[in-house]
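Participant: One file: coords.txt (compact mmCIF, C-alpha atoms).
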# COMPACT_ATOMS: atom_id res chain seq x y z
CA MET A 1 -29.54 -60.14 30.74
CA SER A 2 -30.59 -58.65 27.42
CA THR A 3 -32.31 -60.84 24.87
CA ASN A 4 -29.75 -60.33 22.10
CA GLN A 5 -27.11 -62.03 24.17
CA THR A 6 -26.59 -65.68 23.38
CA ALA A 7 -24.66 -68.53 24.92
CA SER A 8 -22.19 -68.46 22.05
CA ASP A 9 -21.60 -64.70 22.47
CA ASN A 10 -20.77 -65.22 26.13
CA ILE A 11 -18.58 -68.27 25.49
CA SER A 12 -16.71 -66.36 22.80
CA PHE A 13 -16.24 -63.42 25.18
CA LEU A 14 -14.82 -65.73 27.87
CA LYS A 15 -12.58 -67.68 25.50
CA HIS A 16 -10.93 -64.64 23.99
CA LEU A 17 -9.55 -63.06 27.14
CA ARG A 18 -5.78 -62.64 26.79
CA ALA A 19 -3.29 -60.79 28.94
CA VAL A 20 -2.28 -57.43 27.45
CA ARG A 21 1.14 -56.13 28.50
CA ALA A 22 1.53 -53.08 26.26
CA PHE A 23 -0.87 -50.15 26.40
CA ARG A 24 -1.36 -47.06 24.31
CA PRO A 25 -1.87 -43.71 26.04
CA GLY A 26 -5.45 -42.89 27.04
CA THR A 27 -7.32 -42.85 30.32
CA VAL A 28 -10.00 -45.31 31.38
CA PRO A 29 -13.48 -43.72 31.22
CA GLU A 30 -15.06 -43.37 34.66
CA ALA A 31 -18.11 -45.41 33.51
CA ALA A 32 -15.85 -48.32 32.56
CA LEU A 33 -14.01 -48.11 35.87
CA LYS A 34 -17.34 -48.09 37.70
CA ASP A 35 -18.39 -51.28 35.89
CA ILE A 36 -15.05 -52.96 36.62
CA LEU A 37 -15.34 -52.17 40.33
CA ASP A 38 -18.95 -53.32 40.39
CA VAL A 39 -18.08 -56.65 38.79
CA ALA A 40 -15.26 -56.97 41.35
CA ARG A 41 -17.70 -56.21 44.16
CA TRP A 42 -20.01 -59.02 43.06
CA SER A 43 -17.25 -61.64 43.04
CA GLY A 44 -17.98 -64.82 44.92
CA SER A 45 -15.72 -65.84 47.80
CA ALA A 46 -15.40 -68.63 50.33
CA SER A 47 -18.25 -68.28 52.88
CA ASN A 48 -19.02 -64.96 51.16
CA ARG A 49 -16.32 -63.29 53.27
CA GLN A 50 -15.27 -60.91 50.47
CA PRO A 51 -11.78 -60.74 52.01
CA TRP A 52 -10.60 -57.90 49.79
CA GLU A 53 -10.19 -54.17 49.32
CA LEU A 54 -9.00 -52.49 46.14
CA VAL A 55 -6.70 -49.53 45.64
CA VAL A 56 -7.22 -47.85 42.27
CA VAL A 57 -4.11 -45.95 41.15
CA GLN A 58 -4.30 -43.57 38.20
CA ASP A 59 -1.62 -41.09 39.25
CA ARG A 60 1.18 -41.39 36.67
CA GLU A 61 4.00 -40.80 39.13
CA MET A 62 2.66 -43.49 41.43
CA LEU A 63 2.25 -45.94 38.53
CA GLN A 64 5.89 -45.33 37.63
CA ALA A 65 6.95 -45.75 41.25
CA LEU A 66 5.11 -49.11 41.51
CA VAL A 67 7.28 -50.49 38.68
CA ASN A 68 10.47 -49.95 40.67
CA GLY A 69 9.86 -52.91 42.97
CA GLU A 70 10.67 -56.56 42.40
CA GLY A 71 8.20 -58.70 40.46
CA SER A 72 6.59 -59.29 37.08
CA ILE A 73 5.18 -55.77 37.05
CA LYS A 74 6.84 -53.90 34.17
CA HIS A 75 3.49 -53.57 32.37
CA VAL A 76 2.19 -51.27 35.12
CA GLY A 77 4.43 -48.49 33.77
CA SER A 78 2.51 -47.96 30.52
CA ALA A 79 -0.97 -48.72 31.92
CA ALA A 80 -3.68 -46.09 32.32
CA MET A 81 -4.40 -47.41 35.78
CA ALA A 82 -3.61 -50.20 38.18
CA ILE A 83 -5.74 -51.97 40.73
CA ILE A 84 -3.86 -53.29 43.75
CA LEU A 85 -5.65 -56.16 45.51
CA VAL A 86 -5.48 -55.87 49.29
CA MET A 87 -6.44 -59.19 50.86
CA ALA A 88 -7.45 -59.48 54.51
CA GLY A 89 -4.24 -61.27 55.45
CA ASP A 90 -5.65 -63.85 57.87
CA PRO A 91 -2.77 -66.37 58.16
CA ASP A 92 -5.23 -69.20 58.91
CA ARG A 93 -7.05 -68.56 55.66
CA PHE A 94 -4.11 -68.17 53.29
CA PRO A 95 -5.31 -70.77 50.75
CA HIS A 96 -8.87 -69.43 50.78
CA GLU A 97 -7.74 -65.84 50.31
CA THR A 98 -5.33 -66.80 47.53
CA TYR A 99 -8.01 -68.77 45.71
CA ASP A 100 -10.54 -65.93 46.12
CA GLU A 101 -7.88 -63.49 44.91
CA GLY A 102 -7.62 -65.53 41.70
CA ARG A 103 -11.40 -65.46 41.22
CA LEU A 104 -11.49 -61.69 41.80
CA SER A 105 -8.59 -61.10 39.38
CA GLU A 106 -10.24 -63.07 36.61
CA ARG A 107 -13.43 -61.05 36.95
CA ILE A 108 -11.58 -57.72 36.89
CA MET A 109 -9.81 -58.74 33.67
CA LEU A 110 -13.08 -59.86 32.08
CA ALA A 111 -14.89 -56.66 33.10
CA ALA A 112 -12.07 -54.62 31.57
CA ALA A 113 -12.30 -56.70 28.38
CA ALA A 114 -16.05 -55.99 28.22
CA HIS A 115 -15.08 -52.33 27.73
CA GLY A 116 -12.37 -53.07 25.14
CA LEU A 117 -9.66 -52.59 27.76
CA GLY A 118 -6.64 -54.82 28.09
CA SER A 119 -5.28 -55.99 31.42
CA CYS A 120 -2.41 -57.94 32.88
CA ILE A 121 -1.77 -59.51 36.26
CA GLY A 122 1.50 -58.75 38.02
CA TRP A 123 2.80 -60.12 41.30
CA PHE A 124 4.96 -58.10 43.66
CA LYS A 125 7.92 -60.11 44.94
CA GLY A 126 10.72 -59.83 47.48
CA ASN A 127 10.49 -56.52 49.35
CA ALA A 128 7.96 -55.04 46.92
CA PRO A 129 4.82 -55.98 48.93
CA SER A 130 6.18 -54.12 51.99
CA GLU A 131 7.27 -51.16 49.88
CA VAL A 132 3.88 -50.96 48.15
CA LYS A 133 2.04 -51.08 51.49
CA GLU A 134 4.22 -48.22 52.72
CA MET A 135 3.69 -46.20 49.51
CA LEU A 136 -0.09 -46.61 49.49
CA GLY A 137 -0.79 -46.48 53.24
CA ILE A 138 -1.89 -50.12 53.45
CA PRO A 139 -1.67 -51.73 56.94
CA ALA A 140 1.32 -54.07 57.27
CA ASP A 141 -0.80 -57.11 58.20
CA ARG A 142 -2.63 -57.23 54.86
CA LEU A 143 -1.71 -59.64 52.07
CA VAL A 144 -0.59 -57.55 49.09
CA ARG A 145 0.73 -59.36 46.08
CA THR A 146 -1.40 -58.77 42.98
CA VAL A 147 -1.52 -55.70 40.79
CA ILE A 148 -3.72 -55.61 37.70
CA SER A 149 -2.71 -53.16 34.95
CA ILE A 150 -5.54 -51.80 32.83
CA GLY A 151 -5.49 -49.68 29.66
CA TYR A 152 -6.23 -49.66 25.97
CA PRO A 153 -4.18 -52.32 24.16
CA ASP A 154 -1.29 -51.16 22.01
CA GLU A 155 -2.29 -53.25 18.98
CA GLU A 156 0.91 -52.46 17.12
CA ALA A 157 3.07 -53.81 19.95
CA ARG A 158 0.83 -56.88 20.17
CA ARG A 159 1.14 -57.67 16.47
CA ALA A 160 4.93 -57.33 16.73
CA GLN A 161 5.11 -60.08 19.37
CA PRO A 162 6.18 -63.55 18.22
CA LYS A 163 3.27 -66.03 18.28
CA ARG A 164 3.65 -68.94 20.68
CA PRO A 165 3.35 -72.27 18.87
CA GLN A 166 0.98 -73.77 21.46
CA PRO A 167 -0.67 -71.11 23.56
CA ARG A 168 -2.75 -73.68 25.48
CA LYS A 169 -2.62 -77.44 25.97
CA PRO A 170 -5.16 -79.45 23.92
CA ILE A 171 -8.34 -80.70 25.59
CA ALA A 172 -7.18 -84.34 25.30
CA GLU A 173 -4.19 -83.52 27.47
CA ILE A 174 -6.11 -81.93 30.34
CA VAL A 175 -9.58 -83.52 30.44
CA HIS A 176 -10.47 -86.96 31.81
CA ARG A 177 -13.97 -88.48 31.71
CA GLU A 178 -15.21 -90.25 34.86
CA ARG A 179 -11.70 -91.24 36.03
CA PHE A 180 -8.22 -89.72 35.90
CA ALA A 181 -6.60 -93.07 35.10
CA MET B 1 -16.96 -61.36 19.16
CA SER B 2 -20.32 -60.83 17.49
CA THR B 3 -21.49 -57.31 16.83
CA ASN B 4 -24.73 -57.57 18.78
CA GLN B 5 -22.76 -58.01 21.98
CA THR B 6 -22.25 -54.82 23.95
CA ALA B 7 -20.18 -53.82 26.94
CA SER B 8 -23.30 -53.61 29.09
CA ASP B 9 -24.42 -57.12 28.07
CA ASN B 10 -21.07 -58.53 29.13
CA ILE B 11 -20.93 -56.54 32.37
CA SER B 12 -24.46 -57.70 33.21
CA PHE B 13 -23.48 -61.30 32.48
CA LEU B 14 -20.46 -61.05 34.78
CA LYS B 15 -22.33 -59.27 37.58
CA HIS B 16 -25.14 -61.77 37.76
CA LEU B 17 -23.13 -64.91 38.43
CA ARG B 18 -24.34 -66.51 41.66
CA ALA B 19 -23.56 -69.86 43.22
CA VAL B 20 -26.36 -72.40 42.69
CA ARG B 21 -26.54 -75.17 45.28
CA ALA B 22 -29.80 -76.92 44.30
CA PHE B 23 -30.29 -78.53 40.92
CA ARG B 24 -33.26 -80.05 39.13
CA PRO B 25 -32.82 -83.35 37.29
CA GLY B 26 -31.51 -83.12 33.72
CA THR B 27 -28.18 -83.82 32.08
CA VAL B 28 -25.79 -81.22 30.70
CA PRO B 29 -25.85 -81.20 26.88
CA GLU B 30 -22.54 -82.33 25.38
CA ALA B 31 -22.24 -79.03 23.44
CA ALA B 32 -22.46 -77.05 26.69
CA LEU B 33 -19.88 -79.29 28.35
CA LYS B 34 -17.58 -78.85 25.35
CA ASP B 35 -17.84 -75.05 25.70
CA ILE B 36 -17.20 -75.20 29.45
CA LEU B 37 -14.07 -77.30 28.94
CA ASP B 38 -12.88 -75.05 26.14
CA VAL B 39 -13.27 -71.92 28.29
CA ALA B 40 -11.39 -73.76 31.04
CA ARG B 41 -8.64 -74.69 28.61
CA TRP B 42 -8.15 -71.03 27.65
CA SER B 43 -7.74 -69.87 31.25
CA GLY B 44 -4.70 -67.75 31.95
CA SER B 45 -2.15 -68.94 34.50
CA ALA B 46 1.13 -67.81 36.02
CA SER B 47 3.86 -68.11 33.34
CA ASN B 48 1.22 -69.88 31.20
CA ARG B 49 1.99 -73.14 33.02
CA GLN B 50 -1.65 -74.33 32.92
CA PRO B 51 -0.98 -76.40 36.04
CA TRP B 52 -4.28 -78.25 35.87
CA GLU B 53 -6.16 -81.29 34.68
CA LEU B 54 -9.91 -81.82 34.99
CA VAL B 55 -11.91 -84.91 35.82
CA VAL B 56 -15.50 -84.71 34.56
CA VAL B 57 -17.82 -86.96 36.57
CA GLN B 58 -21.36 -87.63 35.34
CA ASP B 59 -21.86 -91.12 36.74
CA ARG B 60 -24.63 -90.83 39.34
CA GLU B 61 -23.16 -93.38 41.72
CA MET B 62 -19.80 -91.63 41.70
CA LEU B 63 -21.46 -88.23 42.27
CA GLN B 64 -23.22 -89.72 45.31
CA ALA B 65 -19.98 -91.27 46.52
CA LEU B 66 -18.14 -87.92 46.28
CA VAL B 67 -20.61 -86.40 48.74
CA ASN B 68 -19.66 -88.86 51.46
CA GLY B 69 -16.35 -87.14 52.20
CA GLU B 70 -15.65 -84.18 54.44
CA GLY B 71 -16.15 -80.69 53.06
CA SER B 72 -18.69 -78.19 51.76
CA ILE B 73 -19.74 -80.57 48.99
CA LYS B 74 -23.37 -81.52 49.65
CA HIS B 75 -24.47 -79.80 46.43
CA VAL B 76 -22.56 -82.38 44.36
CA GLY B 77 -25.27 -84.95 45.19
CA SER B 78 -28.02 -83.30 43.16
CA ALA B 79 -25.78 -81.97 40.36
CA ALA B 80 -25.88 -83.31 36.81
CA MET B 81 -22.10 -83.40 36.80
CA ALA B 82 -19.05 -82.38 38.73
CA ILE B 83 -15.65 -81.19 37.58
CA ILE B 84 -12.79 -82.06 39.92
CA LEU B 85 -9.78 -79.76 39.54
CA VAL B 86 -6.49 -81.65 39.68
CA MET B 87 -3.65 -79.19 40.23
CA ALA B 88 -0.03 -80.10 39.52
CA GLY B 89 0.85 -80.20 43.22
CA ASP B 90 4.29 -78.56 43.06
CA PRO B 91 4.90 -77.65 46.74
CA ASP B 92 7.12 -74.71 45.72
CA ARG B 93 4.30 -73.18 43.72
CA PHE B 94 1.43 -73.62 46.16
CA PRO B 95 0.32 -69.96 46.10
CA HIS B 96 0.54 -69.76 42.29
CA GLU B 97 -1.42 -72.97 41.80
CA THR B 98 -4.05 -71.89 44.32
CA TYR B 99 -4.46 -68.51 42.67
CA ASP B 100 -4.65 -70.09 39.19
CA GLU B 101 -7.17 -72.59 40.56
CA GLY B 102 -9.37 -69.65 41.56
CA ARG B 103 -9.09 -68.11 38.10
CA LEU B 104 -9.96 -71.44 36.46
CA SER B 105 -12.93 -72.00 38.77
CA GLU B 106 -14.41 -68.59 38.04
CA ARG B 107 -14.23 -69.23 34.31
CA ILE B 108 -15.87 -72.65 34.60
CA MET B 109 -18.75 -71.11 36.56
CA LEU B 110 -19.15 -68.31 34.00
CA ALA B 111 -19.05 -70.72 31.06
CA ALA B 112 -21.76 -72.81 32.74
CA ALA B 113 -23.84 -69.67 33.31
CA ALA B 114 -23.52 -68.80 29.60
CA HIS B 115 -25.51 -71.99 28.96
CA GLY B 116 -28.11 -71.31 31.65
CA LEU B 117 -26.45 -73.80 33.96
CA GLY B 118 -25.90 -73.20 37.65
CA SER B 119 -22.71 -74.13 39.47
CA CYS B 120 -21.22 -74.19 42.91
CA ILE B 121 -17.68 -74.55 44.24
CA GLY B 122 -17.03 -77.12 46.94
CA TRP B 123 -13.79 -77.86 48.76
CA PHE B 124 -12.82 -81.32 49.94
CA LYS B 125 -11.49 -81.27 53.51
CA GLY B 126 -9.85 -83.62 55.98
CA ASN B 127 -9.32 -87.06 54.43
CA ALA B 128 -11.59 -86.33 51.46
CA PRO B 129 -8.79 -85.23 49.06
CA SER B 130 -6.95 -88.56 49.58
CA GLU B 131 -10.20 -90.52 49.29
CA VAL B 132 -11.17 -88.72 46.08
CA LYS B 133 -7.73 -89.33 44.55
CA GLU B 134 -8.12 -93.01 45.34
CA MET B 135 -11.67 -93.15 43.96
CA LEU B 136 -10.79 -91.40 40.68
CA GLY B 137 -7.31 -92.81 40.08
CA ILE B 138 -5.54 -89.48 40.62
CA PRO B 139 -1.84 -89.70 41.58
CA ALA B 140 -1.25 -89.00 45.27
CA ASP B 141 1.13 -86.09 44.64
CA ARG B 142 -1.49 -83.90 42.94
CA LEU B 143 -3.30 -81.07 44.72
CA VAL B 144 -7.00 -81.98 44.80
CA ARG B 145 -9.34 -79.72 46.69
CA THR B 146 -11.93 -78.11 44.42
CA VAL B 147 -15.05 -79.70 42.97
CA ILE B 148 -17.46 -77.65 40.87
CA SER B 149 -21.05 -78.91 40.69
CA ILE B 150 -22.94 -78.10 37.51
CA GLY B 151 -26.59 -78.55 36.61
CA TYR B 152 -29.81 -76.76 35.82
CA PRO B 153 -30.88 -74.56 38.76
CA ASP B 154 -33.83 -75.70 40.84
CA GLU B 155 -35.60 -72.33 40.75
CA GLU B 156 -38.22 -73.40 43.28
CA ALA B 157 -35.56 -74.27 45.86
CA ARG B 158 -33.81 -71.01 45.14
CA ARG B 159 -36.94 -68.91 45.66
CA ALA B 160 -37.56 -70.71 48.97
CA GLN B 161 -34.17 -69.61 50.35
CA PRO B 162 -34.15 -66.66 52.73
CA LYS B 163 -32.63 -63.52 51.17
CA ARG B 164 -29.42 -62.28 52.74
CA PRO B 165 -29.74 -58.66 53.87
CA GLN B 166 -26.38 -57.58 52.38
CA PRO B 167 -25.15 -60.05 49.79
CA ARG B 168 -22.05 -57.93 49.01
CA LYS B 169 -20.22 -55.07 50.72
CA PRO B 170 -20.86 -51.61 49.22
CA ILE B 171 -18.25 -50.09 46.89
CA ALA B 172 -17.40 -47.38 49.45
CA GLU B 173 -16.30 -50.08 51.89
CA ILE B 174 -13.92 -51.86 49.55
CA VAL B 175 -12.56 -49.29 47.06
CA HIS B 176 -9.87 -46.69 47.71
CA ARG B 177 -8.71 -44.12 45.17
CA GLU B 178 -4.96 -43.51 44.85
CA ARG B 179 -4.20 -44.47 48.48
CA PHE B 180 -5.57 -46.95 51.02
CA ALA B 181 -5.38 -44.44 53.85
As structure tokens, please, write out the structure in this file.
Facilitator:
Amino acid sequence: MSTNQTASDNISFLKHLRAVRAFRPGTVPEAALKDILDVARWSGSASNRQPWELVVVQDREMLQALVNGEGSIKHVGSAAMAIILVMAGDPDRFPHETYDEGRLSERIMLAAAAHGLGSCIGWFKGNAPSEVKEMLGIPADRLVRTVISIGYPDEEARRAQPKRPQPRKPIAEIVHRERFA
Amino acid sequence: MSTNQTASDNISFLKHLRAVRAFRPGTVPEAALKDILDVARWSGSASNRQPWELVVVQDREMLQALVNGEGSIKHVGSAAMAIILVMAGDPDRFPHETYDEGRLSERIMLAAAAHGLGSCIGWFKGNAPSEVKEMLGIPADRLVRTVISIGYPDEEARRAQPKRPQPRKPIAEIVHRERFA
């Protein structure tokens, strides 16, 4: 860790991550992608099983095709790239894999943000997981659900969005000291 | 974000997070705890539901009592504090809550690391979730499973640990470009 990096810099970096759903054209530099994948690789997981593989899609036709399925995945269409998380799919470890998938996703978003890139999580629903496995050559027994869109934020589209009155609950509503009640 | 913070600083910060299971004595400064809770508060979640509450335990007797249950939770005993994640417990949203719980956990660990604090995830197993709910006054219908220990790393204990030959899988083993196969 470099010496010019302070606790408050890192806290600020963590606090300011927001999902980005609209992207401007422009590809992701290979150096940024390398960093994102390296941060993903170093993710912690239950018993250090690392129950994941990643499919990086940059082909525009494939990105468009991914949007056709069911799910909250519209943002993939304008993204420079998408990372599909392929979890091991052990039915006995469903909660562990799902939890680890969340940890991995958060890190990928943060690593993208480190490079000024926006990202958004989408979940494939209904028949989409099966269709995506077929399209990308992923074995049927894997757990495929999450796609993370990555690209440069379309700031104009972001500014045009209505602001939510309470983007997060206040601390007093979610934190308890020593006892819940 | 301050100007002296670079992409490589942030990538390095993200890459170097490791679980810390042994802590030296010393309490967590209130300012650090405030930052950790604020980073937690700003975590993203499915449909922005924020399906979580946190119980912060610093009472030494309670920390010791938490260790008595079943689960990978021994590290709680030497920690300065523990954060118990209390998820909403909606049975229809089990995968979403579990995934969001993973995202939240990763952020709490990173926020601790920003302050030079170590952390470790533990899961309560068997009867421990019910026992912990009883001990902390948490309603029975909530999903309680994760405890995150936080404290200053015991560097001596860490150096004494045997090094794992391959702490993470290589990129070539987990990343596919455009297609899985």
Participant: Give me, as JSON, numbers by chain, the contact residues of chain A against chain B at a cut-off of 7 Å, counting all atoms listed in the file.
Facilitator: {"A": [1, 2, 4, 5, 7, 9, 10, 11, 12, 13, 14, 15, 35, 39, 41, 42, 52, 53, 54, 55, 56, 57, 58, 59, 95, 98, 99, 100, 101, 102, 103, 106, 111, 114, 115, 136, 137, 138, 168, 171, 174, 175, 176, 177, 178, 179, 180, 181]}
Participant: May I have the residues from that selection written out with C-alpha atoms, as a compact mmCIF listing (two decimals), keeping the file's coordinate frame?
Facilitator:
# COMPACT_ATOMS: atom_id res chain seq x y z
CA MET A 1 -29.54 -60.14 30.74
CA SER A 2 -30.59 -58.65 27.42
CA ASN A 4 -29.75 -60.33 22.10
CA GLN A 5 -27.11 -62.03 24.17
CA ALA A 7 -24.66 -68.53 24.92
CA ASP A 9 -21.60 -64.70 22.47
CA ASN A 10 -20.77 -65.22 26.13
CA ILE A 11 -18.58 -68.27 25.49
CA SER A 12 -16.71 -66.36 22.80
CA PHE A 13 -16.24 -63.42 25.18
CA LEU A 14 -14.82 -65.73 27.87
CA LYS A 15 -12.58 -67.68 25.50
CA ASP A 35 -18.39 -51.28 35.89
CA VAL A 39 -18.08 -56.65 38.79
CA ARG A 41 -17.70 -56.21 44.16
CA TRP A 42 -20.01 -59.02 43.06
CA TRP A 52 -10.60 -57.90 49.79
CA GLU A 53 -10.19 -54.17 49.32
CA LEU A 54 -9.00 -52.49 46.14
CA VAL A 55 -6.70 -49.53 45.64
CA VAL A 56 -7.22 -47.85 42.27
CA VAL A 57 -4.11 -45.95 41.15
CA GLN A 58 -4.30 -43.57 38.20
CA ASP A 59 -1.62 -41.09 39.25
CA PRO A 95 -5.31 -70.77 50.75
CA THR A 98 -5.33 -66.80 47.53
CA TYR A 99 -8.01 -68.77 45.71
CA ASP A 100 -10.54 -65.93 46.12
CA GLU A 101 -7.88 -63.49 44.91
CA GLY A 102 -7.62 -65.53 41.70
CA ARG A 103 -11.40 -65.46 41.22
CA GLU A 106 -10.24 -63.07 36.61
CA ALA A 111 -14.89 -56.66 33.10
CA ALA A 114 -16.05 -55.99 28.22
CA HIS A 115 -15.08 -52.33 27.73
CA LEU A 136 -0.09 -46.61 49.49
CA GLY A 137 -0.79 -46.48 53.24
CA ILE A 138 -1.89 -50.12 53.45
CA ARG A 168 -2.75 -73.68 25.48
CA ILE A 171 -8.34 -80.70 25.59
CA ILE A 174 -6.11 -81.93 30.34
CA VAL A 175 -9.58 -83.52 30.44
CA HIS A 176 -10.47 -86.96 31.81
CA ARG A 177 -13.97 -88.48 31.71
CA GLU A 178 -15.21 -90.25 34.86
CA ARG A 179 -11.70 -91.24 36.03
CA PHE A 180 -8.22 -89.72 35.90
CA ALA A 181 -6.60 -93.07 35.10
Participant: Please determine, counting all atoms listed in the file, which residue among A:Gly89, A:Gly77, A:Pro25, A:Gly71 has the shortest atom-to-atom distance to Ala128 of chain A.
Facilitator: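 That would be A:Gly71, the residue with the smallest distance to Ala128 of chain A.
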Participant: In Å to one decimal, how far is atom CA of Val144 of chain A from atom CA of Cys120 of chain B?
Facilitator: 27.2 Å
Participant: Determine the nearest neighbour of Val147 of chain A from the options A:Gln166, A:Arg159, A:Met87, A:Asp92, counting only C-alpha atoms.
Facilitator: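 That would be A:Met87, the residue with the smallest distance to Val147 of chain A.
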Participant: Find the distance between atom CA of Thr27 of chain A and atom CA of Gly151 of chain A and write it in Å to one decimal.
Facilitator: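 Between atom CA of Thr27 of chain A and atom CA of Gly151 of chain A the gap works out to 7.1 Å.
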Participant: Using only C-alpha atoms, determine which residues lie at most 6 Å from Asp154 of chain A, disregarding the query and same-chain residues fewer than 6 positions distant; provide the list as an MDAnalysis selection string.
Facilitator: chainID A and resid 22:24
Participant: What does the distance between atom CA of Gly69 of chain A and atom CA of Phe124 of chain A come to in Å, to one decimal place?
Facilitator: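 Interatomic distance, atom CA of Gly69 of chain A to atom CA of Phe124 of chain A: 7.2 Å.
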Participant: Out of B:Gly26, B:Glu61, B:Ala31, B:Ser119, which residue has the shortest atom-to-atom distance to Ala80 of chain B when counting only C-alpha atoms?
Facilitator: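 Nearest to Ala80 of chain B: B:Gly26.
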Participant: Between B:Ala79, B:Val67, B:Arg158, B:Ile148, which has the minimum distance to Val28 of chain B (counting all atoms listed in the file)?
Facilitator: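 Closest residue, counting all atoms listed in the file: B:Ala79.
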Participant: Extending 5 Å beyond the listed atoms of segment 12-29 of chain A on each side, what axis-aligned box results? I want centre and edge lengths in Å to one decimal, as AutoDock Vina command-line options.
Facilitator:
--center_x -7.6 --center_y -55.3 --center_z 27.1 --size_x 28.2 --size_y 34.8 --size_z 18.6
Participant: I'd like the contact shell of Glu70 of chain B - 12 Å cut-off, all atoms listed in the file, skipping same-chain residues fewer than 4 positions apart - returned as number ranges by chain.
Facilitator: B: 65-66, 74, 122-132, 145
Participant: Generate a file of the selected residues that holds C-alpha atoms, formatted as a PDB file, in the coordinates of the input.
Facilitator:
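For reference, again_7.pdb as written:
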ATOM      1  CA  ALA B  65     -19.980 -91.270  46.520  1.00  0.00           C
ATOM      2  CA  LEU B  66     -18.140 -87.920  46.280  1.00  0.00           C
ATOM      3  CA  LYS B  74     -23.370 -81.520  49.650  1.00  0.00           C
ATOM      4  CA  GLY B 122     -17.030 -77.120  46.940  1.00  0.00           C
ATOM      5  CA  TRP B 123     -13.790 -77.860  48.760  1.00  0.00           C
ATOM      6  CA  PHE B 124     -12.820 -81.320  49.940  1.00  0.00           C
ATOM      7  CA  LYS B 125     -11.490 -81.270  53.510  1.00  0.00           C
ATOM      8  CA  GLY B 126      -9.850 -83.620  55.980  1.00  0.00           C
ATOM      9  CA  ASN B 127      -9.320 -87.060  54.430  1.00  0.00           C
ATOM     10  CA  ALA B 128     -11.590 -86.330  51.460  1.00  0.00           C
ATOM     11  CA  PRO B 129      -8.790 -85.230  49.060  1.00  0.00           C
ATOM     12  CA  SER B 130      -6.950 -88.560  49.580  1.00  0.00           C
ATOM     13  CA  GLU B 131     -10.200 -90.520  49.290  1.00  0.00           C
ATOM     14  CA  VAL B 132     -11.170 -88.720  46.080  1.00  0.00           C
ATOM     15  CA  ARG B 145      -9.340 -79.720  46.690  1.00  0.00           C
TER      16      ARG B 145
END
Participant: Between A:Arg60, A:Lys163, A:Ala88, A:Val76, which is the closest to Ile150 of chain A once you count only C-alpha atoms?
Facilitator: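 Ranking A:Arg60, A:Lys163, A:Ala88, A:Val76 by distance to Ile150 of chain A, first place goes to A:Val76.
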Participant: Please, could N, CA and C atoms be added to segment 46-57 of chain A and the result written as a PDB file, in the frame of the given file?
Facilitator:
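Contents of part-v4.pdb, as written:
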ATOM      1  N   ALA A  46     -15.131 -67.574  49.361  1.00  0.00           N
ATOM      2  CA  ALA A  46     -15.400 -68.630  50.330  1.00  0.00           C
ATOM      3  C   ALA A  46     -16.211 -68.063  51.498  1.00  0.00           C
ATOM      4  N   SER A  47     -17.337 -68.714  51.805  1.00  0.00           N
ATOM      5  CA  SER A  47     -18.250 -68.280  52.880  1.00  0.00           C
ATOM      6  C   SER A  47     -18.697 -66.826  52.709  1.00  0.00           C
ATOM      7  N   ASN A  48     -18.648 -66.345  51.483  1.00  0.00           N
ATOM      8  CA  ASN A  48     -19.020 -64.960  51.160  1.00  0.00           C
ATOM      9  C   ASN A  48     -18.317 -63.933  52.051  1.00  0.00           C
ATOM     10  N   ARG A  49     -17.060 -64.196  52.386  1.00  0.00           N
ATOM     11  CA  ARG A  49     -16.320 -63.290  53.270  1.00  0.00           C
ATOM     12  C   ARG A  49     -15.848 -62.020  52.550  1.00  0.00           C
ATOM     13  N   GLN A  50     -15.752 -62.066  51.232  1.00  0.00           N
ATOM     14  CA  GLN A  50     -15.270 -60.910  50.470  1.00  0.00           C
ATOM     15  C   GLN A  50     -14.015 -60.317  51.131  1.00  0.00           C
ATOM     16  N   PRO A  51     -12.943 -61.141  51.210  1.00  0.00           N
ATOM     17  CA  PRO A  51     -11.780 -60.740  52.010  1.00  0.00           C
ATOM     18  C   PRO A  51     -10.842 -59.799  51.264  1.00  0.00           C
ATOM     19  N   TRP A  52     -11.417 -58.744  50.664  1.00  0.00           N
ATOM     20  CA  TRP A  52     -10.600 -57.900  49.790  1.00  0.00           C
ATOM     21  C   TRP A  52     -10.974 -56.427  49.876  1.00  0.00           C
ATOM     22  N   GLU A  53      -9.968 -55.583  49.631  1.00  0.00           N
ATOM     23  CA  GLU A  53     -10.190 -54.170  49.320  1.00  0.00           C
ATOM     24  C   GLU A  53      -9.326 -53.859  48.109  1.00  0.00           C
ATOM     25  N   LEU A  54      -9.705 -52.823  47.380  1.00  0.00           N
ATOM     26  CA  LEU A  54      -9.000 -52.490  46.140  1.00  0.00           C
ATOM     27  C   LEU A  54      -8.454 -51.079  46.217  1.00  0.00           C
ATOM     28  N   VAL A  55      -7.219 -50.884  45.788  1.00  0.00           N
ATOM     29  CA  VAL A  55      -6.700 -49.530  45.640  1.00  0.00           C
ATOM     30  C   VAL A  55      -6.529 -49.252  44.147  1.00  0.00           C
ATOM     31  N   VAL A  56      -7.269 -48.240  43.675  1.00  0.00           N
ATOM     32  CA  VAL A  56      -7.220 -47.850  42.270  1.00  0.00           C
ATOM     33  C   VAL A  56      -6.201 -46.718  42.118  1.00  0.00           C
ATOM     34  N   VAL A  57      -5.150 -46.964  41.346  1.00  0.00           N
ATOM     35  CA  VAL A  57      -4.110 -45.950  41.150  1.00  0.00           C
ATOM     36  C   VAL A  57      -4.132 -45.467  39.710  1.00  0.00           C
TER      37      VAL A  57
END
